[in-house]
Amino acid sequence: MSDPDVTSRVALAAHELLENAVKYSTDGETNIRVDVTPGDGVLHVCIRTRNKSTTTNMALLREYFDDMKEMPDPLLFYTELMAKKSKSSEGLGLGRIAAEAEMALAMVVVEGDMVEIRATADVPLEPSFADGRVTVTLVGTADVRVTALEFMNSSCMKTFVTWIGLDQGLEADKQYKIRFRSNPEIHWQRRSLHALSRFAADLVTVEP
Amino acid sequence: MIAVLNHTDFTARYEGDRVVLTGTADAQIAPELAAWLLEVHAEGPHQPELVVDLERLEFMTAGCIKGFVALIEAIQQSPTSYRVRFVPNPTATWQRRSLAALACLASNLVTIDN
């Protein structure tokens with residue numbers, strides 16, 4: 001893996017997974033395994049940790065994974081976790097892996113009380129981008145109609161977060177309202193757009 | 001005067017509206033770092049900004065990032081608001097990703113140097 005961004009993502013995921021496994025292991029033992037397998041133009045990366053866990057923690061973990069699946073965008077899920085008023089950072093590490101390391105997460109009960117967490121990603125063999133910059137030019141009104149938008153990935157969602165941030169950074173008399181017109185029948189839109197609106201409740205509104 | 005926070009290979013230092021973090025901030029230091037950052041906040045008013053230098057920070061775990069979330073919340077609740085300007089290490093690409101996520105919480109308070 002020659003791309004420093006990819007190695008950084010893998011290191012971040014390995015660190016957070018291992019820390020979690022050590023924290024929740026009931027017998028003090030933890031295993032970590034990292035597989036990097038060449039595929040068709042990509043490398044399949046899989047990091048797994050195994051540890052024995054209590055039934056209570058396994059149930060909480062299942063609930064956590066269900067919540068994560070409900071939220072279509074990992075960054076929004078992670079920022080919601082960060083914004084929770086609780087001083088606890090439980091679950092933050094896994095959320096970070098999904099959002100920052102851009103790795104898919106899965107939980108498997110291997111046998112009895114042994115739980116395995118997997119973080120996987122397919123990464124290109126060549127560096128995927130030069131400097132990570134995305135430039136989007138938005139023209140016209142700040143009326144964003146997404147009624148026919150079937151899905152938006154986290155990179156595009158981040159662009160909206162940046163846009164809202166730019167709006168927030170303007171002097172009060174230069175700020176403008178951003179109104180999303182959503183489709184109530186598309187489930188992900190409600191959660192994602194409402195999470196977006198929380199970044200700037202005074203500027204962003206969501207209409208069904 | 002705020003004492004230097006030392007733990008294994010991690011150091012947090014506060015010098016005149018500038019926080020300098022060095023080494024690896026793991027889960028063990030997370031509660032102390034969170035309390036330390038709130039001490040720095042209380043030392044305020046940090047006008048116009050508090051600089052957080054991460055140039056020598058090798059890694060920070062999610063638990064420690066939560067400490068910065070608490071700092072941002074404290075600033076939001078404070079009558080005298082100020083910006084937090086992060087100075088990342090351009091070669092530590094995880095920092096760019098982590099700071100971008102943190103900035104999502106309060107893009108009006110958090111700035112990240114290029």
# chains A, B, ... in the order shown; residues from 1 in each chain; ligands from 1
call {"tool": "residues_around", "arguments": {"residues": "segment 37-48 of chain B", "least_positions_apart": "6", "cutoff": "7 Å", "atoms": "only C-alpha atoms", "output": "list in words"}}
result
Asp17, Leu71, Thr80, Tyr82 and Arg83 of chain B
call {"tool": "closest_atom_pairs", "arguments": {"of": "chain B", "to": "chain A", "cutoff": "10 Å", "atoms": "only C-alpha atoms", "output": "tab-separated table"}}
result
residue	atom	partner	partner_atom	distance
B:Asp26	CA	A:Glu19	CA	8.7
B:Ala27	CA	A:Glu19	CA	7.6
B:Ala30	CA	A:Ser89	CA	9.3
B:Pro31	CA	A:Lys87	CA	9.0
B:Ala34	CA	A:Lys87	CA	9.4
B:Phe59	CA	A:Leu12	CA	8.3
B:Met60	CA	A:Leu12	CA	9.1
B:Thr61	CA	A:Glu16	CA	6.9
B:Ala62	CA	A:Gly93	CA	5.2
B:Gly63	CA	A:Ser89	CA	5.3
B:Cys64	CA	A:Ser89	CA	8.6
B:Ile65	CA	A:Met82	CA	8.6
B:Lys66	CA	A:Ser89	CA	6.4
B:Gly67	CA	A:Lys87	CA	8.6
B:Phe68	CA	A:Met82	CA	9.8
B:Val69	CA	A:Met82	CA	6.8
B:Ala70	CA	A:Lys87	CA	8.0
B:Glu73	CA	A:Ala83	CA	8.7
B:Thr91	CA	A:Pro4	CA	8.4
B:Ala92	CA	A:Ser8	CA	7.6
B:Thr93	CA	A:Asp5	CA	5.7
B:Trp94	CA	A:Ser8	CA	5.8
B:Gln95	CA	A:Ser8	CA	9.4
B:Arg96	CA	A:Glu100	CA	9.4
B:Arg97	CA	A:Glu100	CA	5.7
B:Ser98	CA	A:Glu100	CA	6.6
B:Leu99	CA	A:Glu100	CA	9.9
B:Ala100	CA	A:Lys158	CA	9.0
B:Ala101	CA	A:Thr79	CA	6.9
B:Leu102	CA	A:Thr79	CA	7.7
B:Ala103	CA	A:Gly165	CA	8.6
B:Cys104	CA	A:Val161	CA	6.6
B:Leu105	CA	A:Phe199	CA	6.4
B:Ala106	CA	A:Phe199	CA	7.1
B:Ser107	CA	A:Gly165	CA	5.0
B:Asn108	CA	A:Gly169	CA	5.4
B:Leu109	CA	A:Gly169	CA	8.8
B:Val110	CA	A:Gly165	CA	9.8
call {"tool": "select_by_dssp", "arguments": {"residues": "chain A", "states": "helix (DSSP H, G or I)", "output": "ChimeraX atom specification"}}
result
/A:4-24,55-70,74-83,92-99,154-169,172-174,187-200
call {"tool": "select_by_dssp", "arguments": {"residues": "segment 32-177 of chain A", "states": "strand (DSSP E)", "output": "ChimeraX atom specification"}}
result
/A:32-38,42-52,104-111,114-124,143-145
call {"tool": "write_last_selection", "arguments": {"atoms": "C-alpha atoms", "output": "short mmCIF file (atom, residue, chain, number, x, y, z; two decimals), in the first residue's frame"}}
result
data_model
loop_
_atom_site.label_atom_id
_atom_site.label_comp_id
_atom_site.auth_asym_id
_atom_site.auth_seq_id
_atom_site.Cartn_x
_atom_site.Cartn_y
_atom_site.Cartn_z
CA ILE A 32 -6.11 -8.86 15.79
CA ARG A 33 -5.58 -9.98 12.22
CA VAL A 34 -4.97 -7.82 9.16
CA ASP A 35 -5.38 -9.32 5.67
CA VAL A 36 -4.46 -7.48 2.50
CA THR A 37 -5.42 -9.47 -0.60
CA PRO A 38 -4.85 -8.31 -4.18
CA VAL A 42 -7.90 -3.25 -5.93
CA LEU A 43 -6.57 -4.47 -2.62
CA HIS A 44 -9.09 -6.07 -0.28
CA VAL A 45 -8.25 -4.94 3.22
CA CYS A 46 -9.79 -6.73 6.17
CA ILE A 47 -8.99 -6.06 9.82
CA ARG A 48 -10.55 -8.34 12.43
CA THR A 49 -10.40 -8.31 16.17
CA ARG A 50 -11.73 -11.07 18.41
CA ASN A 51 -12.43 -10.99 22.10
CA LYS A 52 -14.71 -12.66 24.62
CA ALA A 104 -17.38 -1.07 6.27
CA LEU A 105 -18.01 -2.65 9.66
CA ALA A 106 -19.58 -5.95 10.59
CA MET A 107 -20.09 -7.87 13.79
CA VAL A 108 -19.99 -11.67 13.94
CA VAL A 109 -20.52 -13.88 16.96
CA VAL A 110 -17.94 -16.57 16.27
CA GLU A 111 -18.90 -19.01 18.98
CA MET A 114 -16.49 -14.74 21.27
CA VAL A 115 -17.26 -11.68 19.18
CA GLU A 116 -15.46 -10.62 16.01
CA ILE A 117 -15.53 -7.12 14.55
CA ARG A 118 -14.48 -6.75 10.92
CA ALA A 119 -13.51 -3.59 9.12
CA THR A 120 -13.21 -4.01 5.36
CA ALA A 121 -12.45 -1.82 2.38
CA ASP A 122 -11.39 -2.20 -1.21
CA VAL A 123 -8.68 0.30 -1.96
CA PRO A 124 -7.32 1.15 -5.39
CA ASP A 143 -33.41 25.94 -2.78
CA VAL A 144 -32.13 22.37 -2.96
CA ARG A 145 -34.61 19.96 -4.49
#
call {"tool": "atom_distance", "arguments": {"atom1": "atom CA of Ile2 of chain B", "atom2": "atom CA of Val51 of chain B"}}
result
15.6 Å
call {"tool": "decode", "arguments": {"residues": "segment 7-30 of chain B", "atoms": "N, CA and C atoms", "output": "short mmCIF file (atom, residue, chain, number, x, y, z; two decimals), in the first residue's frame"}}
result
data_model
loop_
_atom_site.label_atom_id
_atom_site.label_comp_id
_atom_site.auth_asym_id
_atom_site.auth_seq_id
_atom_site.Cartn_x
_atom_site.Cartn_y
_atom_site.Cartn_z
N HIS B 7 1.90 11.91 29.82
CA HIS B 7 1.47 10.51 29.98
C HIS B 7 2.23 9.65 28.97
N THR B 8 2.97 8.69 29.45
CA THR B 8 3.78 7.80 28.60
C THR B 8 4.46 8.59 27.49
N ASP B 9 3.97 8.48 26.25
CA ASP B 9 4.65 9.25 25.19
C ASP B 9 3.75 10.37 24.66
N PHE B 10 2.95 10.93 25.55
CA PHE B 10 2.07 12.04 25.15
C PHE B 10 2.30 13.24 26.07
N THR B 11 2.33 14.41 25.47
CA THR B 11 2.46 15.66 26.23
C THR B 11 1.50 16.70 25.69
N ALA B 12 0.83 17.39 26.60
CA ALA B 12 -0.01 18.54 26.22
C ALA B 12 0.49 19.74 26.99
N ARG B 13 0.78 20.80 26.25
CA ARG B 13 1.38 21.99 26.86
C ARG B 13 0.55 23.21 26.46
N TYR B 14 0.37 24.14 27.38
CA TYR B 14 -0.37 25.37 27.07
C TYR B 14 0.55 26.56 27.27
N GLU B 15 0.74 27.32 26.19
CA GLU B 15 1.63 28.49 26.26
C GLU B 15 0.96 29.66 25.56
N GLY B 16 0.40 30.58 26.31
CA GLY B 16 -0.16 31.82 25.76
C GLY B 16 -1.09 31.62 24.58
N ASP B 17 -2.28 31.15 24.81
CA ASP B 17 -3.31 30.92 23.79
C ASP B 17 -2.89 29.91 22.72
N ARG B 18 -1.93 29.08 23.06
CA ARG B 18 -1.49 28.04 22.13
C ARG B 18 -1.35 26.72 22.87
N VAL B 19 -2.05 25.71 22.37
CA VAL B 19 -1.96 24.36 22.93
C VAL B 19 -1.07 23.55 21.99
N VAL B 20 -0.10 22.87 22.56
CA VAL B 20 0.79 22.05 21.73
C VAL B 20 0.68 20.59 22.19
N LEU B 21 0.25 19.71 21.30
CA LEU B 21 0.14 18.29 21.63
C LEU B 21 1.25 17.52 20.92
N THR B 22 1.87 16.60 21.66
CA THR B 22 3.00 15.84 21.12
C THR B 22 2.83 14.36 21.45
N GLY B 23 3.16 13.48 20.50
CA GLY B 23 3.17 12.04 20.77
C GLY B 23 1.87 11.35 20.39
N THR B 24 1.49 10.35 21.19
CA THR B 24 0.28 9.55 20.90
C THR B 24 -0.70 9.68 22.06
N ALA B 25 -1.89 10.17 21.74
CA ALA B 25 -2.93 10.35 22.78
C ALA B 25 -3.84 9.14 22.73
N ASP B 26 -3.66 8.20 23.67
CA ASP B 26 -4.48 6.99 23.65
C ASP B 26 -5.63 7.09 24.65
N ALA B 27 -6.41 6.01 24.73
CA ALA B 27 -7.64 6.05 25.54
C ALA B 27 -7.35 6.31 27.01
N GLN B 28 -6.19 5.89 27.50
CA GLN B 28 -5.89 6.04 28.92
C GLN B 28 -5.81 7.50 29.35
N ILE B 29 -5.36 8.35 28.44
CA ILE B 29 -5.21 9.77 28.79
C ILE B 29 -6.49 10.58 28.50
N ALA B 30 -7.47 9.95 27.85
CA ALA B 30 -8.66 10.68 27.38
C ALA B 30 -9.37 11.49 28.47
#
